[in-house]
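S.K.: My structure is stored as target_30.csv, with CSV, C-alpha atoms and all ligand atoms.
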chain,number,residue,atom,x,y,z
C,170,MET,CA,0.0,0.0,0.0
C,171,HIS,CA,2.7,2.5,1.0
C,172,ASP,CA,4.6,2.3,-2.3
C,173,ASP,CA,1.4,2.7,-4.4
C,174,VAL,CA,0.2,5.7,-2.4
C,175,ILE,CA,3.6,7.4,-2.5
C,176,ALA,CA,4.0,6.6,-6.3
C,177,TRP,CA,0.5,8.1,-6.9
C,178,TYR,CA,1.4,11.2,-4.9
C,179,ARG,CA,4.7,11.7,-6.8
C,180,ARG,CA,2.8,11.5,-10.1
C,181,GLY,CA,-0.3,13.6,-9.3
C,182,LYS,CA,0.6,16.0,-6.4
C,183,ARG,CA,0.0,19.7,-6.6
C,184,ASP,CA,3.1,21.8,-6.9
C,185,LEU,CA,2.9,23.8,-3.7
C,186,PRO,CA,5.9,26.0,-2.8
C,187,TRP,CA,6.2,24.7,0.8
C,188,ARG,CA,6.6,21.1,-0.3
C,189,ASP,CA,9.6,18.9,-1.3
C,190,GLY,CA,12.1,20.6,1.0
C,191,ARG,CA,11.8,24.0,-0.8
C,192,THR,CA,11.3,25.9,2.4
C,193,ASP,CA,12.5,25.6,6.0
C,194,ALA,CA,10.5,24.7,9.2
C,195,TYR,CA,9.4,28.3,9.6
C,196,GLY,CA,8.0,28.3,6.0
C,197,VAL,CA,6.1,25.0,6.8
C,198,LEU,CA,4.8,26.5,10.0
C,199,VAL,CA,3.5,29.6,8.2
C,200,SER,CA,1.9,27.5,5.5
C,201,GLU,CA,0.1,25.3,8.0
C,202,VAL,CA,-1.2,28.3,10.0
C,203,MET,CA,-2.5,30.0,6.8
C,204,LEU,CA,-4.1,26.7,5.6
C,205,GLN,CA,-6.0,26.1,8.8
C,206,GLN,CA,-9.1,27.9,7.5
C,207,THR,CA,-8.2,29.1,4.0
C,208,GLN,CA,-8.0,27.4,0.6
C,209,VAL,CA,-4.7,26.7,-0.8
C,210,GLU,CA,-5.1,28.9,-4.0
C,211,ARG,CA,-5.6,32.0,-1.8
C,212,VAL,CA,-2.7,31.1,0.6
C,213,ILE,CA,0.0,30.7,-2.1
C,214,PRO,CA,0.6,34.3,-3.1
C,215,ILE,CA,0.3,35.6,0.5
C,216,TRP,CA,2.7,32.9,1.8
C,217,GLN,CA,5.2,33.9,-0.8
C,218,GLN,CA,5.0,37.6,0.0
C,219,TRP,CA,5.1,36.8,3.8
C,220,LEU,CA,8.3,34.8,3.4
C,221,THR,CA,9.9,37.6,1.4
C,222,GLN,CA,8.9,40.2,3.9
C,223,TRP,CA,9.7,38.1,7.1
C,224,PRO,CA,12.1,35.3,6.2
C,225,THR,CA,12.7,34.2,9.8
C,226,PRO,CA,10.7,33.9,13.0
C,227,SER,CA,12.7,36.8,14.5
C,228,ALA,CA,12.0,39.0,11.5
C,229,LEU,CA,8.3,38.4,12.0
C,230,ALA,CA,8.6,38.9,15.7
C,231,ALA,CA,10.1,42.4,15.2
C,232,ALA,CA,7.4,43.5,12.7
C,233,ASP,CA,4.5,45.9,13.5
C,234,LEU,CA,1.3,44.0,14.1
C,235,GLY,CA,-0.4,46.5,11.7
C,236,ALA,CA,2.0,45.5,8.9
C,237,VAL,CA,1.5,41.8,9.6
C,238,LEU,CA,-2.3,42.4,9.3
C,239,VAL,CA,-1.9,44.3,6.1
C,240,THR,CA,0.0,41.4,4.5
C,241,TRP,CA,-2.4,38.8,5.9
C,242,GLY,CA,-5.0,40.7,3.9
C,243,ARG,CA,-8.1,38.8,3.1
C,244,LEU,CA,-7.0,35.3,4.3
C,245,GLY,CA,-9.7,35.6,7.0
C,246,TYR,CA,-9.6,34.9,10.7
C,247,PRO,CA,-6.8,37.4,11.3
C,248,ARG,CA,-6.3,36.4,14.9
C,249,ARG,CA,-4.2,33.6,13.3
C,250,ALA,CA,-1.8,36.3,12.1
C,251,ALA,CA,-1.4,37.8,15.6
C,252,ARG,CA,-1.0,34.4,17.2
C,253,LEU,CA,1.6,33.4,14.6
C,254,GLN,CA,3.6,36.5,15.4
C,255,GLN,CA,3.3,35.8,19.2
C,256,ALA,CA,4.5,32.2,18.5
C,257,CYS,CA,7.5,33.6,16.5
C,258,ARG,CA,8.4,35.9,19.4
C,259,ILE,CA,8.7,32.8,21.6
C,260,ILE,CA,10.6,30.9,18.9
C,261,ALA,CA,13.0,33.8,18.6
C,262,GLU,CA,13.5,34.3,22.3
C,263,ARG,CA,13.5,30.7,23.6
C,264,HIS,CA,14.4,28.4,20.7
C,265,ASP,CA,17.3,30.3,19.0
C,266,ASP,CA,15.0,31.3,16.1
C,267,GLU,CA,14.4,27.7,15.1
C,268,VAL,CA,11.0,26.1,14.9
C,269,PRO,CA,11.1,23.4,17.6
C,270,ASP,CA,11.4,19.7,16.7
C,271,ASP,CA,9.4,18.7,19.8
C,272,TYR,CA,5.7,18.1,20.2
C,273,GLU,CA,5.4,19.6,23.7
C,274,ALA,CA,7.3,22.8,22.7
C,275,LEU,CA,5.2,23.2,19.6
C,276,ILE,CA,1.9,22.7,21.3
C,277,ALA,CA,2.8,25.3,23.9
C,278,LEU,CA,3.0,28.0,21.2
C,279,PRO,CA,0.1,30.4,20.7
C,280,GLY,CA,-2.3,29.2,17.9
C,281,ILE,CA,-0.7,25.8,17.5
C,282,GLY,CA,-3.0,22.8,18.1
C,283,ASP,CA,-2.4,19.1,17.7
C,284,TYR,CA,-2.8,19.0,14.0
C,285,THR,CA,-0.4,21.9,13.3
C,286,ALA,CA,2.2,20.6,15.8
C,287,CYS,CA,2.1,17.1,14.1
C,288,ALA,CA,2.2,18.6,10.6
C,289,VAL,CA,5.3,20.7,11.5
C,290,LEU,CA,7.0,17.6,13.0
C,291,ALA,CA,6.2,15.5,10.0
C,292,PHE,CA,6.6,17.9,7.1
C,293,ALA,CA,9.4,20.1,8.4
C,294,HIS,CA,11.4,17.7,10.6
C,295,GLY,CA,10.6,14.3,9.0
C,296,ARG,CA,9.2,12.8,12.2
C,297,ARG,CA,7.0,9.7,12.2
C,298,VAL,CA,3.8,11.1,13.7
C,299,PRO,CA,0.1,10.8,12.7
C,300,VAL,CA,-1.1,13.9,10.9
C,301,ILE,CA,-4.9,14.0,11.0
C,302,ASP,CA,-6.9,16.7,9.3
C,303,THR,CA,-10.4,16.7,7.9
C,304,ASN,CA,-9.3,15.1,4.7
C,305,VAL,CA,-7.4,12.3,6.4
C,306,ARG,CA,-10.4,11.6,8.7
C,307,ARG,CA,-12.7,11.3,5.6
C,308,VAL,CA,-10.3,9.1,3.7
C,309,TRP,CA,-9.7,6.6,6.6
C,310,GLY,CA,-13.4,6.8,7.6
C,311,ARG,CA,-14.3,5.5,4.2
C,312,TYR,CA,-11.4,3.1,3.9
C,313,SER,CA,-11.8,1.2,7.1
C,314,ALA,CA,-14.6,-0.1,9.3
C,315,GLN,CA,-12.0,0.2,12.2
C,316,TRP,CA,-12.4,3.9,12.0
C,317,ARG,CA,-14.9,4.7,14.7
C,318,GLY,CA,-15.6,7.8,16.7
C,319,ASP,CA,-17.6,11.0,16.9
C,320,ASP,CA,-17.3,13.8,14.5
C,321,ALA,CA,-15.6,16.4,16.7
C,322,ALA,CA,-12.3,15.0,17.9
C,323,THR,CA,-9.8,12.3,16.9
C,324,THR,CA,-10.0,9.4,19.3
C,325,LYS,CA,-7.0,7.4,20.7
C,326,THR,CA,-8.1,4.4,18.6
C,327,GLN,CA,-8.1,6.5,15.4
C,328,ARG,CA,-4.7,8.0,16.2
C,329,ARG,CA,-3.4,4.5,16.7
C,330,PHE,CA,-5.0,3.4,13.4
C,331,VAL,CA,-3.3,6.2,11.5
C,332,GLU,CA,0.0,5.6,13.2
C,333,SER,CA,-0.1,1.9,12.4
C,334,ALA,CA,-0.7,2.7,8.8
C,335,LEU,CA,2.5,4.8,8.5
C,336,PRO,CA,5.7,3.5,7.0
C,337,GLY,CA,8.4,2.9,9.6
C,338,ASP,CA,10.8,5.5,8.3
C,339,GLY,CA,10.2,9.2,9.3
C,340,SER,CA,10.5,10.8,5.9
C,341,ALA,CA,8.5,8.0,4.2
C,342,ALA,CA,5.9,8.4,6.9
C,343,ALA,CA,5.7,12.2,6.3
C,344,GLU,CA,5.4,11.6,2.5
C,345,PHE,CA,2.7,9.0,3.0
C,346,SER,CA,0.8,11.4,5.3
C,347,VAL,CA,0.8,14.2,2.8
C,348,ALA,CA,-0.2,11.7,0.1
C,349,VAL,CA,-3.3,10.7,2.1
C,350,MET,CA,-4.1,14.4,2.6
C,351,GLU,CA,-3.8,14.9,-1.1
C,352,ILE,CA,-6.1,11.9,-1.8
C,353,GLY,CA,-8.7,13.5,0.5
C,354,ALA,CA,-8.2,16.9,-1.2
C,355,LEU,CA,-8.3,15.7,-4.8
C,356,ILE,CA,-10.2,12.4,-5.2
C,357,CYS,CA,-11.8,11.3,-2.0
C,358,SER,CA,-13.9,14.4,-1.9
C,359,ALA,CA,-16.4,15.6,0.7
C,360,LYS,CA,-18.5,17.3,-1.9
C,361,ALA,CA,-18.8,14.7,-4.7
C,362,GLU,CA,-18.8,11.0,-5.0
C,363,PRO,CA,-15.2,9.8,-4.5
C,364,ALA,CA,-13.3,9.1,-7.7
C,365,CYS,CA,-12.3,5.6,-6.5
C,366,VAL,CA,-11.1,4.5,-9.9
C,367,ALA,CA,-8.1,6.8,-9.6
C,368,CYS,CA,-7.3,6.0,-6.0
C,369,PRO,CA,-4.2,4.1,-4.9
C,370,LEU,CA,-6.1,2.9,-1.7
C,371,ARG,CA,-8.9,1.2,-3.6
C,372,PRO,CA,-7.6,-2.4,-3.2
C,373,GLY,CA,-8.3,-2.4,0.5
C,374,CYS,CA,-11.0,0.2,0.8
C,375,ALA,CA,-14.3,-0.7,2.4
C,376,TRP,CA,-16.2,2.0,0.6
C,377,ARG,CA,-14.9,0.9,-2.7
C,378,ALA,CA,-15.8,-2.7,-1.9
C,379,GLY,CA,-19.4,-1.6,-1.5
C,380,GLU,CA,-19.7,-1.5,2.3
C,381,ARG,CA,-20.0,2.2,2.2
C,382,PRO,CA,-19.7,2.9,6.0
C,383,ALA,CA,-22.0,5.7,7.1
C,384,PRO,CA,-20.1,8.9,6.9
C,385,GLN,CA,-18.7,9.7,10.4
C,386,ASN,CA,-17.2,13.1,9.4
C,387,PRO,CA,-19.9,14.8,7.3
C,388,ALA,CA,-18.8,18.1,5.8
C,389,ARG,CA,-19.6,20.8,8.3
C,390,ARG,CA,-21.8,23.6,7.1
C,391,GLN,CA,-19.9,26.9,7.3
C,392,PRO,CA,-21.7,29.6,9.3
C,393,LYS,CA,-23.2,32.2,7.0
C,394,TYR,CA,-20.8,35.1,6.3
C,395,GLN,CA,-23.3,37.6,4.9
C,396,GLY,CA,-24.6,39.6,7.9
C,397,SER,CA,-22.2,38.0,10.4
C,398,LEU,CA,-19.9,39.7,12.9
C,399,ARG,CA,-17.1,38.2,10.8
C,400,GLN,CA,-18.2,40.2,7.8
C,401,THR,CA,-18.3,43.4,9.8
C,402,ARG,CA,-14.8,42.7,11.3
C,403,GLY,CA,-13.6,42.0,7.8
C,404,HIS,CA,-15.0,45.3,6.5
C,405,ILE,CA,-13.2,47.3,9.3
C,406,LEU,CA,-9.9,45.6,8.7
C,407,ALA,CA,-10.2,46.0,4.9
C,408,THR,CA,-11.0,49.7,5.2
C,409,LEU,CA,-8.0,50.2,7.5
C,410,ARG,CA,-5.6,48.3,5.1
C,411,GLU,CA,-6.6,50.6,2.3
C,412,CYS,CA,-6.3,53.9,4.3
C,413,HIS,CA,-2.7,55.0,4.9
C,414,PRO,CA,-1.4,55.4,7.6
C,415,PHE,CA,-4.0,52.7,8.5
C,416,GLU,CA,-6.2,55.0,10.6
C,417,VAL,CA,-9.7,56.2,9.8
C,418,SER,CA,-12.4,58.2,11.7
C,419,LEU,CA,-15.3,56.2,13.1
C,420,ALA,CA,-17.5,58.1,10.7
C,421,GLU,CA,-15.6,56.7,7.7
C,422,LEU,CA,-16.4,53.2,8.7
C,423,SER,CA,-19.7,53.4,7.1
C,424,TRP,CA,-21.7,50.3,7.9
C,425,PRO,CA,-25.5,50.0,7.8
C,426,ASP,CA,-25.9,48.4,11.3
C,427,SER,CA,-24.3,50.7,13.9
C,428,ALA,CA,-24.8,48.2,16.8
C,429,GLN,CA,-23.1,45.5,14.8
C,430,LEU,CA,-20.3,47.9,13.9
C,431,ALA,CA,-19.8,48.7,17.6
C,432,ARG,CA,-19.7,45.0,18.5
C,433,ALA,CA,-17.2,44.3,15.8
C,434,LEU,CA,-14.9,47.1,16.9
C,435,ASP,CA,-15.1,45.9,20.5
C,436,SER,CA,-14.2,42.4,19.5
C,437,LEU,CA,-11.3,43.5,17.3
C,438,ALA,CA,-10.0,45.7,20.1
C,439,GLU,CA,-10.3,42.8,22.6
C,440,ASP,CA,-8.3,40.6,20.2
C,441,GLY,CA,-5.6,43.4,20.0
C,442,LEU,CA,-6.2,43.8,16.2
C,443,VAL,CA,-7.2,47.5,16.3
C,444,ARG,CA,-6.8,50.5,18.5
C,445,VAL,CA,-10.0,52.5,19.1
C,446,SER,CA,-10.3,56.0,20.4
C,447,ASP,CA,-13.3,58.3,20.7
C,448,GLU,CA,-12.9,59.6,17.2
C,449,SER,CA,-10.9,57.1,15.2
C,450,VAL,CA,-9.7,53.5,14.8
C,451,ALA,CA,-6.3,52.3,13.7
C,452,LEU,CA,-4.3,49.2,13.1
C,453,PRO,CA,-2.0,48.4,16.0
C,454,SER,CA,1.7,49.3,15.8
M,1,LIG,S1,-11.1,4.0,-2.9
M,1,LIG,FE1,-12.6,5.7,-3.0
M,1,LIG,S2,-13.6,5.8,-1.0
M,1,LIG,FE2,-11.8,4.6,-0.8
M,1,LIG,S3,-10.2,6.1,-0.1
M,1,LIG,FE3,-10.1,5.9,-2.3
M,1,LIG,S4,-11.4,7.6,-3.2
M,1,LIG,FE4,-11.9,7.2,-1.0
What do you get writing this file as structure tokens?
Ligand code: SF4
M.R.:
Amino acid sequence: MHDDVIAWYRRGKRDLPWRDGRTDAYGVLVSEVMLQQTQVERVIPIWQQWLTQWPTPSALAAADLGAVLVTWGRLGYPRRAARLQQACRIIAERHDDEVPDDYEALIALPGIGDYTACAVLAFAHGRRVPVIDTNVRRVWGRYSAQWRGDDAATTKTQRRFVESALPGDGSAAAEFSVAVMEIGALICSAKAEPACVACPLRPGCAWRAGERPAPQNPARRQPKYQGSLRQTRGHILATLRECHPFEVSLAELSWPDSAQLARALDSLAEDGLVRVSDESVALPS
């Protein structure tokens, strides 16, 4: 199975700039944080600009948060950018400007959860660890009746299952993990019927054999963006990014729902993403 999956991946993978050793552990970390809630096509140009602007954790640590938010642009969920900068301050101060090769040190960083810590260990440091994202959960959920659990969290049994499926060698395990993610992204899709005919896992797959286990990880419906607090927060940050020197009067933040605008400003200020005074609002320095 391993050879078939890895051969399929080498033939059909997408050419992404953070793959195949073309970046360092910091580049991998930045890509994984950006990809947490944003599609890959939107991430690529921002990732490239980011690495040019701040090529090391210490460079990002020293930047103005306002400049960080400007480059983050429309990737969405901008608290990720602020947390990534906080993480890089810790990396610069406590880890000699090197992204840690240690699960406990990674998981202790702001904004880094189990998935991101494992992804960095595998894809940046070649460690043999189970990397389990939504795509991986869907692929193994279809592949094996052993995959059991609720939708929200990965169980210990599932983690053991994924770990036992990995090749023994660290770098082969990392390549196998990214290959399974790619199968989930490209052919074992959540939205359409899986394209089993093209899948290297089909010889052992329960779904393909006709068992069709009930989906245990159905695609989650995204909360509506139109009319949401997220939309208002996005409007405020987009307005600020376009107004040099990133400061506007409250009156300039025209928005039809003034109560919603006030709530969005409060929540952005609470997250440290804007500075609000009686008359104006600005990106943080
Ligand atoms: S054979 Fe089909 S259902 Fe099974 S993992 Fe591959 S694409 Fe998914």
S.K.: Hey, can you check how far atom CA of Ser358 of chain C sits from atom CA of Gly242 of chain C?
M.R.: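 We find that atom CA of Ser358 of chain C and atom CA of Gly242 of chain C lie 28.4 Å from each other.
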S.K.: With a distance cut-off of 10 Å and all atoms listed in the file, select the neighbouring residues of segment 393-396 of chain C, excluding the residue or stretch itself and same-chain residues fewer than 4 positions from it, and output the selection as a compact mmCIF listing (two decimals) with C-alpha atoms, keeping the file's coordinate frame.
M.R.:
# COMPACT_ATOMS: atom_id res chain seq x y z
CA GLN C 400 -18.20 40.20 7.80
CA THR C 401 -18.30 43.40 9.80
CA ASP C 426 -25.90 48.40 11.30
CA GLN C 429 -23.10 45.50 14.80
S.K.: Neighbours of Ile405 of chain C within 12 Å (only C-alpha atoms; same-chain residues fewer than 5 positions away dropped), as a ChimeraX atom specification?
M.R.: /C:238,242-243,247,398-400,410-412,415-424,429-438,442-445,449-452
S.K.: Skip Asp271 of chain C itself and residues of its chain fewer than 4 positions away, then list as a PyMOL selection string all residues within 10 Å of it, counting all atoms listed in the file.
M.R.: chain C and resi 275-276+286-287+289-290+294+296
S.K.: Give me the residues within 7 Å of segment 252-260 of chain C as a PyMOL selection string, counting all atoms listed in the file and dropping any in the same chain fewer than 2 places off.
M.R.: chain C and resi 226-227+229-230+248-250+262-268+278-280
S.K.: Identify, counting only C-alpha atoms and all ligand atoms, the protein, DNA and RNA residues located within 9 Å of ligand LIG 1 (chain M), and give them as a count of residues only.
M.R.: 32
S.K.: Work out how far atom CA of Pro299 of chain C is from atom CA of Ala314 of chain C, in Å to one decimal.
M.R.: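 If I compute the distance from atom CA of Ala314 of chain C to atom CA of Pro299 of chain C, I get 18.6 Å.
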S.K.: Mind giving me the straight-line distance from atom CA of Pro214 of chain C to atom CA of Ala274 of chain C in Å, one decimal?
M.R.: 29.0 Å
S.K.: Listing only residues of segment 302-393 of chain C within 7 Å of segment 171-185 of chain C, what is the closest atom pair and its distance in Å (to one decimal) for each, using all atoms listed in the file, sorted by chain and residue number ascending, as a Markdown table?
M.R.:
| residue | atom | partner | partner_atom | distance |
| --- | --- | --- | --- | --- |
| C:Pro336 | CA | C:His171 | CA | 6.8 |
| C:Glu344 | CA | C:Ile175 | CA | 6.8 |
| C:Phe345 | CA | C:Ile175 | CA | 5.8 |
| C:Ala348 | CA | C:Tyr178 | CA | 5.3 |
| C:Glu351 | CA | C:Lys182 | CA | 7.0 |
| C:Pro369 | CA | C:Val174 | CA | 5.3 |
| C:Leu370 | CA | C:Val174 | CA | 6.9 |
S.K.: Can you pull out every residue within 8 Å of segment 205-213 of chain C, counting all atoms listed in the file, but drop anything in the same chain fewer than 6 positions away, and send it as number ranges by chain?
M.R.: C: 185-186, 244-246
S.K.: Measuring between only C-alpha atoms, which one of C:Glu201, C:Asp440, C:Ala359, C:Pro414 shows the shortest distance to Arg402 of chain C?
M.R.: C:Asp440
S.K.: Could you check the closest approach to Trp187 of chain C for each of C:Ala251, C:Val347, C:Leu335, C:Ile281 and tell me which residue wins, using only C-alpha atoms?
M.R.: C:Val347
S.K.: Go through C:Ile301, C:Ala341, C:Ala293, C:Leu220 one by one, measure the shortest atom-to-atom distance of each to Lys325 of chain C using all atoms listed in the file, and give the residue with the smallest value.
M.R.: C:Ile301
S.K.: Which one is closest to Leu406 of chain C: C:Val202, C:Ala228, C:Ala322, C:Val239? Count all atoms listed in the file.
M.R.: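 Closest residue, counting all atoms listed in the file: C:Val239.
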S.K.: Please write segment 298-324 of chain C of the preceding block to a file containing N, CA, C and O atoms, as a PDB file, in the first residue's frame?
M.R.:
ATOM      1  N   VAL C 298       4.919  10.802  12.817  1.00  0.00           N
ATOM      2  CA  VAL C 298       3.786  11.117  13.710  1.00  0.00           C
ATOM      3  C   VAL C 298       2.500  11.097  12.871  1.00  0.00           C
ATOM      4  O   VAL C 298       2.525  11.429  11.682  1.00  0.00           O
ATOM      5  N   PRO C 299       1.370  10.719  13.471  1.00  0.00           N
ATOM      6  CA  PRO C 299       0.105  10.760  12.716  1.00  0.00           C
ATOM      7  C   PRO C 299      -0.338  12.199  12.499  1.00  0.00           C
ATOM      8  O   PRO C 299      -0.392  12.985  13.448  1.00  0.00           O
ATOM      9  N   VAL C 300      -0.599  12.554  11.246  1.00  0.00           N
ATOM     10  CA  VAL C 300      -1.058  13.909  10.915  1.00  0.00           C
ATOM     11  C   VAL C 300      -2.516  13.765  10.469  1.00  0.00           C
ATOM     12  O   VAL C 300      -2.789  13.169   9.427  1.00  0.00           O
ATOM     13  N   ILE C 301      -3.438  14.304  11.253  1.00  0.00           N
ATOM     14  CA  ILE C 301      -4.853  13.980  11.025  1.00  0.00           C
ATOM     15  C   ILE C 301      -5.666  15.258  10.860  1.00  0.00           C
ATOM     16  O   ILE C 301      -5.965  15.952  11.829  1.00  0.00           O
ATOM     17  N   ASP C 302      -5.978  15.574   9.622  1.00  0.00           N
ATOM     18  CA  ASP C 302      -6.859  16.715   9.350  1.00  0.00           C
ATOM     19  C   ASP C 302      -8.206  16.193   8.828  1.00  0.00           C
ATOM     20  O   ASP C 302      -8.450  14.985   8.801  1.00  0.00           O
ATOM     21  N   THR C 303      -9.067  17.099   8.389  1.00  0.00           N
ATOM     22  CA  THR C 303     -10.401  16.699   7.930  1.00  0.00           C
ATOM     23  C   THR C 303     -10.319  15.733   6.750  1.00  0.00           C
ATOM     24  O   THR C 303     -11.095  14.782   6.675  1.00  0.00           O
ATOM     25  N   ASN C 304      -9.405  15.998   5.824  1.00  0.00           N
ATOM     26  CA  ASN C 304      -9.274  15.116   4.658  1.00  0.00           C
ATOM     27  C   ASN C 304      -8.852  13.712   5.071  1.00  0.00           C
ATOM     28  O   ASN C 304      -9.369  12.718   4.561  1.00  0.00           O
ATOM     29  N   VAL C 305      -7.897  13.654   5.982  1.00  0.00           N
ATOM     30  CA  VAL C 305      -7.405  12.347   6.438  1.00  0.00           C
ATOM     31  C   VAL C 305      -8.525  11.586   7.152  1.00  0.00           C
ATOM     32  O   VAL C 305      -8.713  10.381   6.942  1.00  0.00           O
ATOM     33  N   ARG C 306      -9.280  12.280   7.972  1.00  0.00           N
ATOM     34  CA  ARG C 306     -10.401  11.641   8.690  1.00  0.00           C
ATOM     35  C   ARG C 306     -11.413  11.065   7.680  1.00  0.00           C
ATOM     36  O   ARG C 306     -11.932   9.972   7.859  1.00  0.00           O
ATOM     37  N   ARG C 307     -11.679  11.816   6.621  1.00  0.00           N
ATOM     38  CA  ARG C 307     -12.657  11.345   5.643  1.00  0.00           C
ATOM     39  C   ARG C 307     -12.125  10.116   4.881  1.00  0.00           C
ATOM     40  O   ARG C 307     -12.846   9.140   4.687  1.00  0.00           O
ATOM     41  N   VAL C 308     -10.854  10.178   4.459  1.00  0.00           N
ATOM     42  CA  VAL C 308     -10.282   9.058   3.699  1.00  0.00           C
ATOM     43  C   VAL C 308     -10.304   7.778   4.540  1.00  0.00           C
ATOM     44  O   VAL C 308     -10.819   6.741   4.106  1.00  0.00           O
ATOM     45  N   TRP C 309      -9.763   7.834   5.770  1.00  0.00           N
ATOM     46  CA  TRP C 309      -9.698   6.608   6.574  1.00  0.00           C
ATOM     47  C   TRP C 309     -11.097   6.190   7.030  1.00  0.00           C
ATOM     48  O   TRP C 309     -11.372   5.009   7.204  1.00  0.00           O
ATOM     49  N   GLY C 310     -11.992   7.155   7.213  1.00  0.00           N
ATOM     50  CA  GLY C 310     -13.369   6.824   7.581  1.00  0.00           C
ATOM     51  C   GLY C 310     -14.057   6.007   6.505  1.00  0.00           C
ATOM     52  O   GLY C 310     -14.873   5.126   6.791  1.00  0.00           O
ATOM     53  N   ARG C 311     -13.735   6.276   5.243  1.00  0.00           N
ATOM     54  CA  ARG C 311     -14.292   5.489   4.150  1.00  0.00           C
ATOM     55  C   ARG C 311     -13.516   4.188   3.968  1.00  0.00           C
ATOM     56  O   ARG C 311     -14.091   3.152   3.649  1.00  0.00           O
ATOM     57  N   TYR C 312     -12.231   4.257   4.188  1.00  0.00           N
ATOM     58  CA  TYR C 312     -11.363   3.106   3.898  1.00  0.00           C
ATOM     59  C   TYR C 312     -11.613   1.949   4.861  1.00  0.00           C
ATOM     60  O   TYR C 312     -11.636   0.792   4.461  1.00  0.00           O
ATOM     61  N   SER C 313     -11.792   2.258   6.133  1.00  0.00           N
ATOM     62  CA  SER C 313     -11.760   1.181   7.131  1.00  0.00           C
ATOM     63  C   SER C 313     -12.934   1.222   8.096  1.00  0.00           C
ATOM     64  O   SER C 313     -13.243   2.272   8.670  1.00  0.00           O
ATOM     65  N   ALA C 314     -13.501   0.052   8.332  1.00  0.00           N
ATOM     66  CA  ALA C 314     -14.560  -0.070   9.337  1.00  0.00           C
ATOM     67  C   ALA C 314     -13.987   0.076  10.743  1.00  0.00           C
ATOM     68  O   ALA C 314     -14.725   0.262  11.707  1.00  0.00           O
ATOM     69  N   GLN C 315     -12.650  -0.015  10.853  1.00  0.00           N
ATOM     70  CA  GLN C 315     -12.047   0.173  12.188  1.00  0.00           C
ATOM     71  C   GLN C 315     -12.100   1.629  12.646  1.00  0.00           C
ATOM     72  O   GLN C 315     -11.835   1.935  13.787  1.00  0.00           O
ATOM     73  N   TRP C 316     -12.354   2.483  11.687  1.00  0.00           N
ATOM     74  CA  TRP C 316     -12.365   3.912  12.024  1.00  0.00           C
ATOM     75  C   TRP C 316     -13.694   4.215  12.695  1.00  0.00           C
ATOM     76  O   TRP C 316     -14.742   4.241  12.075  1.00  0.00           O
ATOM     77  N   ARG C 317     -13.654   4.422  13.975  1.00  0.00           N
ATOM     78  CA  ARG C 317     -14.875   4.701  14.716  1.00  0.00           C
ATOM     79  C   ARG C 317     -14.661   5.943  15.563  1.00  0.00           C
ATOM     80  O   ARG C 317     -13.558   6.233  15.976  1.00  0.00           O
ATOM     81  N   GLY C 318     -15.717   6.665  15.849  1.00  0.00           N
ATOM     82  CA  GLY C 318     -15.587   7.812  16.740  1.00  0.00           C
ATOM     83  C   GLY C 318     -16.592   8.871  16.390  1.00  0.00           C
ATOM     84  O   GLY C 318     -17.321   8.752  15.400  1.00  0.00           O
ATOM     85  N   ASP C 319     -16.649   9.899  17.207  1.00  0.00           N
ATOM     86  CA  ASP C 319     -17.607  10.965  16.916  1.00  0.00           C
ATOM     87  C   ASP C 319     -16.980  11.921  15.904  1.00  0.00           C
ATOM     88  O   ASP C 319     -15.862  11.736  15.438  1.00  0.00           O
ATOM     89  N   ASP C 320     -17.710  12.950  15.557  1.00  0.00           N
ATOM     90  CA  ASP C 320     -17.252  13.846  14.489  1.00  0.00           C
ATOM     91  C   ASP C 320     -16.268  14.899  14.970  1.00  0.00           C
ATOM     92  O   ASP C 320     -15.520  15.455  14.191  1.00  0.00           O
ATOM     93  N   ALA C 321     -16.307  15.175  16.270  1.00  0.00           N
ATOM     94  CA  ALA C 321     -15.630  16.385  16.712  1.00  0.00           C
ATOM     95  C   ALA C 321     -14.135  16.197  16.933  1.00  0.00           C
ATOM     96  O   ALA C 321     -13.348  17.070  16.611  1.00  0.00           O
ATOM     97  N   ALA C 322     -13.742  15.068  17.493  1.00  0.00           N
ATOM     98  CA  ALA C 322     -12.338  14.951  17.881  1.00  0.00           C
ATOM     99  C   ALA C 322     -11.801  13.596  17.457  1.00  0.00           C
ATOM    100  O   ALA C 322     -12.543  12.628  17.320  1.00  0.00           O
ATOM    101  N   THR C 323     -10.486  13.556  17.293  1.00  0.00           N
ATOM    102  CA  THR C 323      -9.837  12.302  16.933  1.00  0.00           C
ATOM    103  C   THR C 323      -9.673  11.466  18.195  1.00  0.00           C
ATOM    104  O   THR C 323      -9.152  11.937  19.199  1.00  0.00           O
ATOM    105  N   THR C 324     -10.115  10.214  18.148  1.00  0.00           N
ATOM    106  CA  THR C 324     -10.002   9.354  19.331  1.00  0.00           C
ATOM    107  C   THR C 324      -8.614   8.701  19.372  1.00  0.00           C
ATOM    108  O   THR C 324      -7.892   8.697  18.368  1.00  0.00           O
TER     109      THR C 324
END
